[in-house]
file upload-v9.tsv (TSV, C-alpha atoms)
chain	number	residue	atom	x	y	z
A	1	ALA	CA	112.85	56.51	94.95
A	2	ALA	CA	109.44	58.20	94.64
A	3	VAL	CA	110.14	59.15	91.02
A	4	GLU	CA	111.11	55.54	90.24
A	5	THR	CA	107.92	54.23	91.88
A	6	ILE	CA	105.73	56.67	89.95
A	7	SER	CA	107.48	56.03	86.65
A	8	ALA	CA	107.19	52.23	86.96
A	9	ASP	CA	103.43	52.39	86.28
A	10	ALA	CA	103.13	55.73	84.48
A	11	ALA	CA	102.40	56.17	80.79
A	12	ARG	CA	105.18	58.77	80.75
A	13	PRO	CA	108.12	58.89	83.18
A	14	ALA	CA	108.01	61.41	86.01
A	15	THR	CA	110.39	64.35	86.14
A	16	LEU	CA	111.70	65.77	89.40
A	17	VAL	CA	111.99	69.57	89.58
A	18	VAL	CA	113.44	70.84	92.87
A	19	ALA	CA	112.46	74.26	94.20
A	20	ASP	CA	112.87	76.20	97.42
A	21	LEU	CA	109.53	77.97	97.76
A	22	SER	CA	110.98	80.52	100.18
A	23	ASP	CA	113.35	81.73	97.44
A	24	PRO	CA	111.71	83.69	94.56
A	25	ALA	CA	114.66	82.97	92.24
A	26	SER	CA	114.31	79.23	92.87
A	27	VAL	CA	110.57	79.38	92.18
A	28	ASP	CA	111.20	81.17	88.88
A	29	ALA	CA	113.87	78.64	87.90
A	30	ALA	CA	111.52	75.74	88.59
A	31	ALA	CA	108.75	77.37	86.56
A	32	ASP	CA	111.17	77.97	83.69
A	33	ARG	CA	112.12	74.28	83.68
A	34	ILE	CA	108.48	73.23	83.56
A	35	PHE	CA	107.84	75.58	80.64
A	36	ASP	CA	110.97	74.49	78.79
A	37	GLU	CA	110.84	70.74	79.41
A	38	THR	CA	107.10	70.11	79.57
A	39	GLY	CA	105.16	73.05	78.21
A	40	HIS	CA	101.92	71.56	79.51
A	41	LEU	CA	100.17	71.48	82.89
A	42	ASP	CA	96.78	70.04	83.83
A	43	VAL	CA	96.95	70.08	87.64
A	44	LEU	CA	98.90	72.08	90.21
A	45	ILE	CA	98.81	70.95	93.86
A	46	ASN	CA	100.32	73.47	96.27
A	47	ASN	CA	101.14	70.99	99.03
A	48	ALA	CA	104.64	72.02	100.12
A	49	ALA	CA	104.90	73.77	103.49
A	50	VAL	CA	107.11	74.19	106.53
A	51	PHE	CA	105.86	73.63	110.08
A	52	ASP	CA	108.88	73.21	112.30
A	53	GLN	CA	107.87	73.42	115.97
A	54	THR	CA	111.54	73.73	116.95
A	55	THR	CA	111.73	77.14	115.22
A	56	ARG	CA	110.87	79.05	118.38
A	57	THR	CA	112.01	82.42	117.03
A	58	PRO	CA	111.23	83.62	113.51
A	59	ALA	CA	113.62	82.86	110.68
A	60	TYR	CA	113.69	84.98	107.56
A	61	ALA	CA	114.03	83.99	103.91
A	62	ALA	CA	116.46	85.68	101.53
A	63	SER	CA	113.53	87.82	100.36
A	64	GLY	CA	113.29	89.31	103.87
A	65	HIS	CA	109.93	87.72	104.65
A	66	GLU	CA	109.28	85.49	107.66
A	67	LEU	CA	110.07	81.91	106.59
A	68	PHE	CA	106.64	80.30	107.15
A	69	TRP	CA	104.90	83.13	105.28
A	70	ALA	CA	107.43	83.02	102.45
A	71	THR	CA	107.32	79.22	102.06
A	72	ASN	CA	103.67	78.44	102.76
A	73	HIS	CA	102.00	81.36	101.01
A	74	LEU	CA	104.20	83.64	98.91
A	75	GLY	CA	106.09	80.78	97.22
A	76	PRO	CA	102.95	78.88	96.17
A	77	PHE	CA	101.32	82.15	95.08
A	78	GLN	CA	104.31	83.01	92.87
A	79	LEU	CA	104.55	79.50	91.43
A	80	THR	CA	100.83	79.48	90.61
A	81	ALA	CA	101.12	82.87	88.91
A	82	ARG	CA	104.13	81.75	86.86
A	83	LEU	CA	102.42	78.51	85.79
A	84	SER	CA	98.97	80.03	85.27
A	85	PRO	CA	99.44	80.43	81.46
A	86	LEU	CA	100.01	76.66	81.20
A	87	LEU	CA	96.94	75.96	83.31
A	88	ALA	CA	94.88	78.37	81.21
A	89	ALA	CA	95.91	76.49	78.06
A	90	ALA	CA	94.81	73.10	79.44
A	91	SER	CA	91.41	71.68	78.51
A	92	HIS	CA	90.31	71.17	82.13
A	93	PRO	CA	92.86	72.82	84.45
A	94	ARG	CA	92.76	72.18	88.18
A	95	LEU	CA	94.36	74.00	91.10
A	96	ILE	CA	94.47	72.50	94.58
A	97	ASN	CA	95.68	74.55	97.54
A	98	VAL	CA	96.25	72.85	100.87
A	99	ALA	CA	95.12	74.20	104.24
A	100	SER	CA	94.90	72.57	107.66
A	101	LYS	CA	92.15	71.16	109.83
A	102	GLY	CA	93.85	72.84	112.78
A	103	LEU	CA	92.27	76.10	111.64
A	104	ILE	CA	88.97	75.00	113.24
A	105	THR	CA	90.59	75.84	116.59
A	106	MET	CA	91.13	79.44	115.42
A	107	PRO	CA	87.74	80.70	114.16
A	108	ARG	CA	88.76	84.35	114.62
A	109	ILE	CA	92.17	84.16	112.97
A	110	ALA	CA	92.92	87.06	110.60
A	111	ILE	CA	95.74	88.12	108.31
A	112	ARG	CA	98.07	90.50	110.15
A	113	PHE	CA	98.44	92.82	107.17
A	114	ASP	CA	100.50	95.47	108.93
A	115	ARG	CA	102.69	93.02	110.88
A	116	LEU	CA	103.39	90.19	108.45
A	117	ASP	CA	107.10	89.90	109.26
A	118	ASP	CA	106.95	91.33	112.78
A	119	PRO	CA	108.58	88.93	115.29
A	120	GLY	CA	106.42	90.29	118.11
A	121	TRP	CA	103.45	87.97	117.49
A	122	TYR	CA	105.38	85.00	116.15
A	123	SER	CA	105.09	81.40	117.27
A	124	PRO	CA	105.48	78.45	114.87
A	125	THR	CA	101.81	77.53	115.34
A	126	LYS	CA	100.52	81.07	114.76
A	127	ALA	CA	102.76	81.56	111.73
A	128	TYR	CA	101.74	78.24	110.18
A	129	TYR	CA	97.98	78.76	110.48
A	130	HIS	CA	98.30	82.39	109.43
A	131	ALA	CA	99.83	81.25	106.12
A	132	LYS	CA	97.26	78.46	105.73
A	133	LEU	CA	94.45	81.01	106.08
A	134	ALA	CA	96.07	82.88	103.20
A	135	GLN	CA	95.98	79.69	101.11
A	136	ILE	CA	92.20	79.43	101.60
A	137	MET	CA	91.70	83.09	100.72
A	138	THR	CA	93.82	82.74	97.58
A	139	ALA	CA	91.76	79.74	96.51
A	140	TYR	CA	88.56	81.77	96.99
A	141	SER	CA	90.00	84.69	95.02
A	142	LEU	CA	91.06	82.49	92.10
A	143	ALA	CA	87.76	80.62	92.05
A	144	LEU	CA	85.94	83.94	91.62
A	145	ARG	CA	88.47	85.43	89.18
A	146	ALA	CA	88.61	82.37	86.92
A	147	ARG	CA	84.84	81.61	87.15
A	148	GLY	CA	84.52	78.31	85.30
A	149	MET	CA	87.88	78.52	83.50
A	150	LEU	CA	89.82	76.91	86.37
A	151	ASP	CA	88.66	74.19	88.75
A	152	VAL	CA	89.80	75.51	92.15
A	153	ALA	CA	89.73	73.60	95.42
A	154	CYS	CA	91.36	74.02	98.81
A	155	LEU	CA	91.77	70.82	100.83
A	156	ARG	CA	91.49	70.96	104.63
A	157	VAL	CA	94.09	68.36	105.56
A	158	PRO	CA	93.96	66.66	108.99
A	159	ALA	CA	97.02	65.49	110.88
A	160	VAL	CA	99.03	63.21	108.58
A	161	ARG	CA	100.99	60.26	109.92
A	162	LEU	CA	104.74	60.84	109.91
A	163	ASP	CA	106.91	58.05	108.56
A	164	THR	CA	109.18	56.21	110.98
A	165	ASP	CA	112.39	57.91	109.88
A	166	ARG	CA	110.96	61.39	110.18
A	167	LEU	CA	109.50	60.68	113.60
A	168	ALA	CA	112.84	59.29	114.80
A	169	ALA	CA	114.62	62.46	113.64
A	170	LEU	CA	112.55	64.72	115.93
A	171	PRO	CA	113.94	65.90	119.28
A	172	TRP	CA	112.85	63.57	122.09
A	173	ALA	CA	110.33	66.03	123.52
A	174	LEU	CA	108.59	66.41	120.17
A	175	ARG	CA	108.73	62.65	119.62
A	176	ALA	CA	106.90	62.14	122.89
A	177	LEU	CA	104.36	64.81	121.91
A	178	TYR	CA	103.80	63.43	118.41
A	179	ALA	CA	103.75	59.69	119.20
A	180	PRO	CA	100.08	59.40	120.35
A	181	LYS	CA	98.95	61.96	117.77
A	182	ASN	CA	100.82	60.10	115.07
A	183	ARG	CA	99.03	56.84	115.84
A	184	LEU	CA	95.66	58.54	115.28
A	185	ALA	CA	96.74	60.56	112.23
A	186	ALA	CA	95.58	59.84	108.70
A	187	PRO	CA	97.92	57.74	106.57
A	188	ALA	CA	99.53	59.60	103.69
A	189	GLU	CA	97.89	57.20	101.23
A	190	GLN	CA	94.44	58.39	102.31
A	191	LEU	CA	95.38	61.99	101.52
A	192	GLY	CA	96.88	60.85	98.24
A	193	GLU	CA	93.51	59.42	97.28
A	194	ALA	CA	91.84	62.75	98.04
A	195	TYR	CA	94.36	64.62	95.89
A	196	ALA	CA	93.89	62.10	93.06
A	197	ALA	CA	90.11	62.45	93.22
A	198	LEU	CA	90.32	66.24	93.00
A	199	ALA	CA	92.94	66.09	90.25
A	200	THR	CA	90.80	63.86	88.06
A	201	ARG	CA	87.24	65.01	88.77
A	202	THR	CA	85.22	66.19	85.81
A	203	GLY	CA	82.87	68.50	87.68
A	204	THR	CA	83.95	71.93	88.90
A	205	TRP	CA	83.03	74.30	91.64
A	206	GLN	CA	80.00	76.34	90.61
A	207	GLU	CA	79.23	79.74	92.04
A	208	HIS	CA	75.75	79.97	93.53
A	209	THR	CA	73.78	82.32	95.74
A	210	ASP	CA	72.69	81.54	99.27
A	211	PRO	CA	70.33	84.27	100.52
A	212	ALA	CA	71.10	83.29	104.12
A	213	SER	CA	74.83	83.91	103.71
A	214	PRO	CA	75.64	85.73	100.45
A	215	GLY	CA	79.42	85.89	100.95
A	216	LYS	CA	79.80	82.39	102.32
A	217	GLY	CA	77.22	80.74	100.06
A	218	ALA	CA	78.85	81.92	96.84
A	219	LEU	CA	82.05	80.10	97.77
A	220	ARG	CA	80.51	76.89	99.10
A	221	GLY	CA	82.32	73.92	97.62
A	222	VAL	CA	85.80	75.45	97.24
A	223	TYR	CA	87.00	74.51	100.73
A	224	LEU	CA	86.73	70.75	101.31
A	225	ASP	CA	87.67	68.24	103.99
A	226	GLU	CA	89.68	65.09	103.34
A	227	ARG	CA	86.48	63.29	102.27
A	228	LEU	CA	85.81	66.10	99.78
A	229	ARG	CA	82.82	67.42	101.71
A	230	PRO	CA	82.29	71.23	101.70
A	231	VAL	CA	83.27	72.84	105.01
A	232	ASP	CA	83.29	76.37	106.38
A	233	SER	CA	86.51	78.35	106.61
A	234	PRO	CA	87.40	80.92	109.28
A	235	ALA	CA	85.09	83.94	108.98
A	236	PHE	CA	87.90	86.28	107.87
A	237	ALA	CA	88.31	84.35	104.60
A	238	TYR	CA	84.82	85.39	103.49
A	239	ASP	CA	85.60	89.12	103.65
A	240	PRO	CA	85.98	90.27	100.01
A	241	GLN	CA	87.92	93.40	100.97
A	242	ALA	CA	90.39	91.31	103.00
A	243	ARG	CA	90.80	88.87	100.10
A	244	GLU	CA	91.48	91.72	97.68
A	245	ARG	CA	93.99	93.28	100.07
A	246	LEU	CA	95.76	89.93	100.41
A	247	TRP	CA	95.81	89.50	96.63
A	248	THR	CA	97.29	92.97	96.09
A	249	LEU	CA	99.87	92.46	98.82
A	250	SER	CA	100.85	89.01	97.47
A	251	GLN	CA	101.14	90.35	93.95
A	252	ALA	CA	103.47	93.12	95.07
A	253	ALA	CA	105.60	90.73	97.16
A	254	THR	CA	106.05	88.29	94.24
A	255	GLY	CA	106.77	90.72	91.42
A	256	ASP	CA	103.30	91.67	90.12
A	257	ARG	CA	103.06	88.63	87.84
A	258	ALA	CA	100.50	88.56	85.04
A	259	TRP	CA	97.55	86.16	85.34
A	260	PRO	CA	95.28	84.98	82.49
A	261	TRP	CA	92.18	85.37	84.64
call {"tool": "encode", "arguments": {"input": "upload-v9.tsv", "output": "structure tokens"}}
result
Amino acid sequence: AAVETISADAARPATLVVADLSDPASVDAAADRIFDETGHLDVLINNAAVFDQTTRTPAYAASGHELFWATNHLGPFQLTARLSPLLAAASHPRLINVASKGLITMPRIAIRFDRLDDPGWYSPTKAYYHAKLAQIMTAYSLALRARGMLDVACLRVPAVRLDTDRLAALPWALRALYAPKNRLAAPAEQLGEAYAALATRTGTWQEHTDPASPGKGALRGVYLDERLRPVDSPAFAYDPQARERLWTLSQAATGDRAWPW
């Protein structure tokens, strides 16, 4: 239904490519289809994620990685790497990663490098925000690596209103928990407008120096709220050694893919 709605007003019809981001083989197959059937890419929005509060104990993907980490970070990282040659060939390529406003409640959150798949620290909330921190750090790394050749942004998304069918499908306890929050949440259309604005903007993030905060200042403007205003990320994301360690680890976990930047 979404494809039909998009295609009704589009200059070219939309194509649906299905991928399971927790499955490296599925990510590769999706990337192959995009190369074979389209061969062109202007914008990539890494919006897909899993945040199932009913998953009280960790589940593991076929790759062996904890499911939230595999789906919310490793899958988007692999897909971006695979599609990066198409982005590099575009005249004004744009990459949009998606993080969460909930991270403001965890200013000291850090990547658990030595315990990524360890069930000992797991909760669905911890696992979700852990992976979202990685999305911010990847956006920072790519902004610095591509330096003017790729427009990189990471959107800090607030709570988004669930549609009626999805809300009704939740267990009763979660329905009761989500109902008041859902009434105050942002409508999906509002977030769609933010994505559209980022996907079509002509300006790009520009590196600059802030003597007061050299690490933070250089990255100002990559991480944005839903109104596209620059915001601060958790402190850990500004650590260049941590970002490089995350990049190296993510590369190894997704097959050491080649990047054009």
call {"tool": "residues_around", "arguments": {"input": "upload-v9.tsv", "residues": "Thr38 (chain A)", "least_positions_apart": "5", "cutoff": "10 Å", "atoms": "only C-alpha atoms", "output": "MDAnalysis selection string"}}
result
chainID A and resid 15 32:33 86
call {"tool": "atom_distance", "arguments": {"input": "upload-v9.tsv", "atom1": "CA of Tyr140 (chain A)", "atom2": "CA of Lys101 (chain A)"}}
result
17.0 Å
call {"tool": "atom_distance", "arguments": {"input": "upload-v9.tsv", "atom1": "CA of Arg108 (chain A)", "atom2": "CA of Ala131 (chain A)"}}
result
14.3 Å
call {"tool": "atom_distance", "arguments": {"input": "upload-v9.tsv", "atom1": "CA of Thr202 (chain A)", "atom2": "CA of Leu228 (chain A)"}}
result
14.0 Å
call {"tool": "closest_residue", "arguments": {"input": "upload-v9.tsv", "among": "A:Met106, A:Leu174, A:Ala196, A:Ala253", "to": "Ser22 (chain A)", "atoms": "only C-alpha atoms"}}
result
A:Ala253
call {"tool": "closest_residue", "arguments": {"input": "upload-v9.tsv", "among": "A:Met137, A:Ala10, A:Leu87, A:Leu16", "to": "Trp247 (chain A)", "atoms": "all atoms listed in the file"}}
result
A:Met137
